[in-house]
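Visitor: File my_file-v1.cif follows (mmCIF, C-alpha atoms and all ligand atoms):
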```
data_target
#
loop_
_atom_site.label_atom_id
_atom_site.label_comp_id
_atom_site.auth_asym_id
_atom_site.auth_seq_id
_atom_site.Cartn_x
_atom_site.Cartn_y
_atom_site.Cartn_z
CA MET A 1 -13.89 -6.14 1.79
CA ASP A 2 -15.99 -3.02 2.41
CA LYS A 3 -14.67 -0.59 -0.24
CA ALA A 4 -16.81 2.30 0.99
CA LEU A 5 -15.38 1.88 4.51
CA ILE A 6 -11.80 1.77 3.14
CA ALA A 7 -12.40 4.94 1.09
CA ARG A 8 -13.95 6.73 4.10
CA SER A 9 -11.06 5.77 6.42
CA PHE A 10 -8.47 7.10 3.97
CA ALA A 11 -10.49 10.23 3.26
CA LYS A 12 -10.51 11.00 7.00
CA ALA A 13 -6.77 10.30 7.23
CA LEU A 14 -5.67 12.38 4.20
CA LYS A 15 -4.57 15.45 6.19
CA THR A 16 -2.63 13.46 8.82
CA TYR A 17 -1.29 10.62 6.63
CA ASP A 18 2.00 12.21 5.54
CA GLY A 19 2.96 13.05 9.13
CA SER A 20 2.12 9.62 10.58
CA ALA A 21 2.97 7.19 7.78
CA VAL A 22 6.56 6.57 8.90
CA VAL A 23 6.71 2.99 7.66
CA GLN A 24 4.97 3.76 4.36
CA ARG A 25 7.65 6.45 3.76
CA ARG A 26 10.42 3.90 4.35
CA VAL A 27 8.60 1.54 1.97
CA VAL A 28 8.60 4.20 -0.77
CA ARG A 29 12.36 4.71 -0.34
CA GLU A 30 13.00 0.97 -0.61
CA MET A 31 10.71 0.70 -3.63
CA VAL A 32 12.63 3.43 -5.46
CA ARG A 33 15.92 1.68 -4.62
CA LEU A 34 14.63 -1.62 -6.04
CA MET A 35 13.21 0.08 -9.15
CA ARG A 36 16.64 1.63 -9.78
CA ALA A 37 18.37 -1.72 -9.21
CA HIS A 38 16.09 -3.25 -11.87
CA ASP A 39 16.60 -0.46 -14.42
CA PHE A 40 13.10 0.98 -14.22
CA PRO A 41 12.89 3.07 -17.40
CA GLU A 42 12.90 6.86 -17.37
CA ALA A 43 10.35 8.93 -19.33
CA SER A 44 7.70 6.22 -19.28
CA ALA A 45 3.93 6.49 -18.85
CA ILE A 46 3.18 4.99 -15.43
CA TYR A 47 -0.07 3.74 -13.94
CA GLU A 48 0.07 4.10 -10.15
CA VAL A 49 -2.50 2.18 -8.13
CA GLY A 50 -3.70 3.39 -4.69
CA ALA A 51 -1.63 6.57 -4.84
CA GLY A 52 -3.17 8.16 -1.71
CA THR A 53 -1.55 11.49 -0.85
CA GLY A 54 1.22 10.88 -3.40
CA LEU A 55 4.28 9.82 -1.37
CA LEU A 56 5.32 7.40 -4.14
CA THR A 57 4.02 9.68 -6.92
CA ALA A 58 6.34 12.50 -5.79
CA ALA A 59 9.29 10.09 -5.61
CA LEU A 60 8.55 8.78 -9.12
CA LEU A 61 8.42 12.33 -10.49
CA ALA A 62 11.77 13.18 -8.88
CA GLU A 63 13.59 9.94 -9.68
CA PHE A 64 12.32 8.62 -13.03
CA LYS A 65 11.16 11.71 -15.00
CA PRO A 66 7.97 9.98 -16.23
CA SER A 67 6.18 11.42 -19.27
CA ARG A 68 2.92 11.02 -17.31
CA ILE A 69 1.57 9.31 -14.23
CA VAL A 70 -2.02 8.12 -14.18
CA ALA A 71 -2.57 8.09 -10.40
CA ASN A 72 -5.50 6.04 -9.21
CA ASP A 73 -7.21 5.90 -5.83
CA LEU A 74 -10.44 4.55 -4.40
CA CYS A 75 -10.73 7.71 -2.36
CA LEU A 76 -12.10 10.63 -4.39
CA GLU A 77 -10.53 13.23 -2.08
CA ALA A 78 -7.03 11.97 -3.02
CA GLY A 79 -7.47 13.74 -6.37
CA GLU A 80 -6.63 17.10 -4.81
CA PRO A 81 -3.15 16.39 -3.35
CA LEU A 82 -2.25 14.20 -6.34
CA GLY A 83 -3.30 16.80 -8.92
CA ALA A 84 -1.31 19.47 -7.07
CA LEU A 85 1.98 17.53 -7.51
CA SER A 86 2.50 18.14 -11.22
CA ARG A 87 0.72 18.72 -14.52
CA ARG A 88 2.07 15.31 -15.53
CA VAL A 89 -0.15 13.65 -12.89
CA GLU A 90 -3.67 12.74 -13.95
CA PHE A 91 -6.04 11.40 -11.28
CA VAL A 92 -8.33 8.43 -11.93
CA HIS A 93 -10.87 7.76 -9.22
CA GLY A 94 -12.14 4.22 -8.61
CA ASP A 95 -11.50 0.65 -7.58
CA ALA A 96 -8.28 -0.57 -9.22
CA GLU A 97 -9.64 -4.11 -9.01
CA THR A 98 -12.21 -3.32 -11.68
CA LEU A 99 -10.67 -0.43 -13.65
CA PRO A 100 -8.76 -1.36 -16.81
CA VAL A 101 -5.10 -0.30 -17.09
CA PRO A 102 -5.15 3.12 -18.77
CA PRO A 103 -4.18 2.91 -22.47
CA GLY A 104 -0.58 3.80 -23.23
CA CYS A 105 0.81 2.98 -19.76
CA THR A 106 3.88 0.73 -19.99
CA ALA A 107 4.54 0.23 -16.26
CA ILE A 108 2.39 -0.27 -13.16
CA VAL A 109 3.55 0.70 -9.68
CA SER A 110 1.97 0.69 -6.25
CA CYS A 111 3.02 1.02 -2.61
CA SER A 112 1.10 -0.16 0.44
CA ALA A 113 -2.28 -0.60 -1.30
CA VAL A 114 -2.63 -4.13 -2.76
CA GLN A 115 -3.30 -5.65 0.70
CA TRP A 116 -6.77 -4.05 0.50
CA PHE A 117 -7.71 -5.97 -2.65
CA ALA A 118 -10.37 -8.67 -2.41
CA ASP A 119 -9.02 -10.79 -5.30
CA VAL A 120 -5.30 -10.21 -5.79
CA GLY A 121 -4.96 -12.91 -8.47
CA ALA A 122 -7.72 -11.39 -10.64
CA CYS A 123 -6.11 -7.99 -10.20
CA PHE A 124 -2.71 -9.30 -11.40
CA ARG A 125 -4.44 -10.79 -14.48
CA ASN A 126 -6.05 -7.40 -15.13
CA PHE A 127 -2.62 -5.72 -14.83
CA ALA A 128 -1.04 -8.32 -17.15
CA ASN A 129 -3.76 -7.75 -19.77
CA GLY A 130 -3.02 -4.02 -19.83
CA LEU A 131 0.79 -4.18 -20.06
CA PRO A 132 2.97 -4.77 -23.12
CA ALA A 133 5.44 -7.70 -23.04
CA GLY A 134 8.41 -6.66 -20.87
CA GLY A 135 6.31 -4.00 -19.10
CA MET A 136 7.20 -3.71 -15.44
CA LEU A 137 4.98 -4.23 -12.39
CA ALA A 138 6.72 -2.87 -9.27
CA PHE A 139 4.74 -2.92 -6.06
CA SER A 140 4.80 -3.34 -2.32
CA THR A 141 2.12 -4.77 -0.08
CA PHE A 142 2.05 -6.26 3.42
CA GLY A 143 2.47 -9.86 4.59
CA PRO A 144 1.03 -12.09 7.33
CA THR A 145 3.07 -10.62 10.22
CA ASN A 146 1.70 -7.12 9.57
CA LEU A 147 0.28 -5.44 12.69
CA CYS A 148 0.62 -8.84 14.41
CA GLN A 149 0.30 -7.38 17.91
CA ILE A 150 -3.21 -6.06 17.15
CA ARG A 151 -4.26 -9.38 15.63
CA GLU A 152 -2.90 -11.31 18.63
CA ILE A 153 -5.09 -9.33 21.01
CA THR A 154 -8.23 -8.65 18.98
CA GLY A 155 -8.15 -11.48 16.42
CA MET A 156 -8.81 -8.83 13.73
CA GLY A 157 -6.78 -7.99 10.66
CA LEU A 158 -6.65 -8.28 6.89
CA ASP A 159 -6.23 -11.65 5.22
CA TYR A 160 -2.60 -11.01 4.24
CA LYS A 161 -1.01 -13.33 1.66
CA SER A 162 2.57 -14.57 2.05
CA LEU A 163 5.50 -13.77 -0.25
CA PRO A 164 5.39 -17.18 -2.04
CA GLU A 165 1.60 -16.90 -2.46
CA HIS A 166 2.06 -13.56 -4.24
CA VAL A 167 4.83 -14.99 -6.43
CA ALA A 168 2.60 -17.91 -7.47
CA LEU A 169 -0.30 -15.56 -8.32
CA LEU A 170 2.01 -13.27 -10.33
CA GLU A 171 3.51 -16.17 -12.32
CA ARG A 172 0.04 -17.59 -13.00
CA ALA A 173 -1.16 -14.19 -14.23
CA GLY A 174 1.61 -13.95 -16.84
CA PHE A 175 4.47 -12.20 -15.00
CA ALA A 176 8.09 -13.26 -14.56
CA VAL A 177 9.05 -12.30 -11.00
CA VAL A 178 12.57 -10.83 -11.02
CA GLU A 179 12.71 -9.97 -7.31
CA ALA A 180 10.56 -10.72 -4.26
CA VAL A 181 11.78 -9.63 -0.83
CA ASP A 182 10.32 -8.82 2.56
CA ASN A 183 11.42 -7.44 5.91
CA LEU A 184 9.96 -6.46 9.26
CA GLU A 185 9.71 -2.80 10.29
CA THR A 186 8.98 -1.95 13.91
CA VAL A 187 7.74 1.38 15.18
CA VAL A 188 7.84 2.34 18.86
CA LEU A 189 4.85 4.38 20.02
CA GLY A 190 4.46 6.22 23.31
CA GLY A 191 1.45 4.18 24.47
CA VAL A 192 -1.88 2.71 23.41
CA GLY A 193 -3.44 6.17 22.93
CA GLU A 194 -0.68 7.00 20.45
CA LEU A 195 -1.09 3.60 18.78
CA LEU A 196 -4.81 4.17 18.18
CA ARG A 197 -4.07 7.67 16.86
CA HIS A 198 -1.34 6.25 14.57
CA ILE A 199 -3.82 3.76 13.12
CA ARG A 200 -6.50 6.40 12.62
CA GLU A 201 -4.06 8.90 11.09
CA THR A 202 -2.75 6.41 8.53
CA GLY A 203 -6.22 5.19 7.52
CA VAL A 204 -5.58 1.59 8.57
CA GLY A 205 -8.86 1.73 10.52
CA GLY A 206 -10.69 0.51 7.38
CA VAL A 207 -10.44 -2.95 8.88
CA GLU A 208 -8.39 -2.73 12.06
CA ARG A 209 -11.25 -1.25 14.02
CA GLU A 210 -10.56 0.36 17.36
CA PRO A 211 -11.79 -1.59 20.39
CA ALA A 212 -15.40 -0.55 20.93
CA GLY A 213 -16.71 0.19 24.41
CA LEU A 214 -14.89 1.11 27.60
CA ALA A 215 -14.41 -2.44 28.91
CA GLN A 216 -12.88 -3.63 25.64
CA ALA A 217 -10.66 -0.54 25.44
CA VAL A 218 -9.37 -1.10 28.98
CA ARG A 219 -8.66 -4.77 28.24
CA PHE A 220 -6.91 -3.89 24.97
CA ARG A 221 -4.68 -1.33 26.72
CA ARG A 222 -3.82 -3.68 29.57
CA GLU A 223 -2.95 -6.61 27.30
CA TYR A 224 -1.01 -4.54 24.78
CA GLU A 225 1.12 -2.95 27.49
CA ALA A 226 1.69 -6.27 29.26
CA ARG A 227 2.79 -8.09 26.11
CA PHE A 228 4.38 -5.52 23.83
CA SER A 229 6.12 -2.93 26.00
CA VAL A 230 9.65 -2.01 24.90
CA PRO A 231 12.05 0.71 26.07
CA GLY A 232 10.39 4.01 25.15
CA GLY A 233 6.84 2.66 24.78
CA ILE A 234 5.08 -0.16 22.91
CA SER A 235 5.98 -1.80 19.61
CA LEU A 236 3.98 -2.24 16.43
CA THR A 237 5.31 -4.43 13.60
CA TYR A 238 4.81 -3.90 9.88
CA HIS A 239 5.65 -6.61 7.32
CA PRO A 240 6.30 -5.06 3.89
CA LEU A 241 6.69 -7.30 0.83
CA TYR A 242 8.28 -5.98 -2.38
CA PHE A 243 7.89 -7.39 -5.90
CA MET A 244 9.49 -6.54 -9.21
CA ALA A 245 7.95 -8.41 -12.13
CA ARG A 246 7.92 -8.21 -15.91
CA ARG A 247 5.05 -9.05 -18.25
CA ARG A 248 5.97 -12.23 -20.12
CA GLU A 249 5.39 -12.56 -23.87
CA ALA A 250 1.75 -13.61 -24.35
C1 LIG B 1 -1.70 3.08 2.86
S1 LIG B 1 -2.29 4.06 1.55
C2 LIG B 1 -0.86 4.14 0.53
C3 LIG B 1 -0.80 5.43 -0.25
C4 LIG B 1 0.49 5.63 -1.06
N1 LIG B 1 0.60 4.65 -2.12
C5 LIG B 1 1.70 5.56 -0.14
O1 LIG B 1 2.59 4.72 -0.38
O2 LIG B 1 1.79 6.36 0.77
C6 LIG B 1 -3.35 2.94 0.64
C7 LIG B 1 -4.17 3.62 -0.44
O3 LIG B 1 -4.77 2.61 -1.27
C8 LIG B 1 -6.07 3.05 -1.62
N2 LIG B 1 -6.86 1.88 -2.02
C9 LIG B 1 -7.29 0.86 -1.23
N3 LIG B 1 -7.99 -0.02 -1.97
C10 LIG B 1 -7.99 0.45 -3.24
C11 LIG B 1 -8.57 -0.02 -4.47
N4 LIG B 1 -9.28 -1.14 -4.51
N5 LIG B 1 -8.39 0.73 -5.59
C12 LIG B 1 -7.68 1.89 -5.55
N6 LIG B 1 -7.12 2.37 -4.42
C13 LIG B 1 -7.27 1.66 -3.27
C14 LIG B 1 -6.57 3.74 -0.36
O4 LIG B 1 -7.66 4.61 -0.62
C15 LIG B 1 -5.30 4.47 0.10
O5 LIG B 1 -5.22 5.78 -0.40
#
```
What is this file in structure tokens?
Guide:
Amino acid sequence: MDKALIARSFAKALKTYDGSAVVQRRVVREMVRLMRAHDFPEASAIYEVGAGTGLLTAALLAEFKPSRIVANDLCLEAGEPLGALSRRVEFVHGDAETLPVPPGCTAIVSCSAVQWFADVGACFRNFANGLPAGGMLAFSTFGPTNLCQIREITGMGLDYKSLPEHVALLERAGFAVVEAVDNLETVVLGGVGELLRHIRETGVGGVEREPAGLAQAVRFRREYEARFSVPGGISLTYHPLYFMARRREA
């Protein structure tokens, strides 16, 4: 996992992310609904991992009146939009896989970031170590069917873990999983040009590289259109996974 490449891709996408991240917006809405359904506490100190431009951060501020949000991101440039949201938001730059949970935080949340982690199990253990018993971990990530059309043609993609694999890692790390659900979200894009722009503008290019060279680009376009055309354009599938877990007594 090339962390510098991930940070660079998201830094380049910061200005366009909010306009293009249609699925990530839907994911934030679903996450808030699940947090409400599981009585996520108001007025708590929250550690948010991979906060990006702050789509989830803004929703947390509006919905749960947190006392503070420590918003982390690998991408240094994310500090500006996050800091502008509220005085209650404090930015922490760095790799959430190695940073300790900030002292005083009683809940950890994250949307659409954990799929970038190299060692998800170690990260869950790190989260468990930093939370009090009963503390909530609420996060979304992506599963094996994510961006399946691109993988089918290029063979490239992240090494996505399944829902049961995440549950097993969470339980082993010291969490009781109270909900684990997934669904498929499809976006229809005008054509392959729009697809490549969509990927660039949401920062996914950290791993899902664009086809290099004219011959490869022509082949990619031809195959994508032949196999994944739908009324109105071509389809791209996302596979969000959602987890609500509580830190067990040590
Ligand atoms: C798809 S964006 C999601 C942003 C935001 N949470 C949302 O829902 O819109 C993923 C974010 O995770 C960040 N990220 C990826 N790996 C990370 C890591 N190891 N530590 C901290 N942040 C990371 C990226 O820089 C990026 O801003």
Visitor: My list of candidates is A:Leu137, A:Gln149, A:Leu34, A:Ile199. Which is closest to ligand LIG 1 (chain B) when distances are computed with only C-alpha atoms and all ligand atoms?
Guide: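 Smallest separation from ligand LIG 1 (chain B) among the options: A:Ile199.
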Visitor: Give me the residues within 12 Å of A:Val27 as an MDAnalysis selection string, counting only C-alpha atoms and dropping any in the same chain fewer than 3 places off.
Guide: chainID A and resid 21:24 30:34 55:56 59 110:113 139:142 181:185 238:243
Visitor: Might you pull out every residue within 12 Å of A:Leu99, with only C-alpha atoms counted and same-chain residues fewer than 6 positions away left off, and present them as a list in words?
Guide: Tyr47, Val49, Gly50, Asn72, Asp73, Leu74, Val92, His93, Ala122, Cys123, Asn126, Phe127, Asn129 and Gly130 of chain A
Visitor: For A:Leu170, which residue out of A:Arg8, A:Arg248, A:Arg87, A:Arg151 is the nearest one, using all atoms listed in the file?
Guide: A:Arg248
Visitor: Calculated over only C-alpha atoms and all ligand atoms, which of the candidates A:Ser67, A:Ser235, A:Ser44, A:Gln115 has the smallest distance to ligand LIG 1 (chain B)?
Guide: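 Selected residue with least distance to ligand LIG 1 (chain B): A:Gln115.
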Visitor: Report, in Å with one decimal, the straight-line distance from atom CA of A:Val28 to atom CA of A:Ala168.
Guide: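 Atom CA of A:Ala168 lies 23.9 Å from atom CA of A:Val28.
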Visitor: Restricting the calculation to all atoms listed in the file, which member of A:Glu42, A:Asp159, A:Glu194, A:Asp2 is positioned closest to ligand LIG 1 (chain B)?
Guide: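 Smallest distance to ligand LIG 1 (chain B) is found for A:Asp2.
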Visitor: For a cut-off of 8 Å around (0.6, -10.7, 8.5), file coordinates, pick out all residues using all atoms listed in the file and list them as a ChimeraX atom specification.
Guide: /A:142-148,158-162,239
Visitor: Record the distance separating atom CA of A:Phe10 and atom CA of A:Ala71, expressed in Å with one decimal.
Guide: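 Interatomic distance here is 15.6 Å.
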Visitor: Return the single residue from A:Arg200, A:His38, A:His166, A:Arg219 that is closest to ligand LIG 1 (chain B), with distances computed using all atoms listed in the file.
Guide: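 Closest to ligand LIG 1 (chain B), using all atoms listed in the file: A:Arg200.
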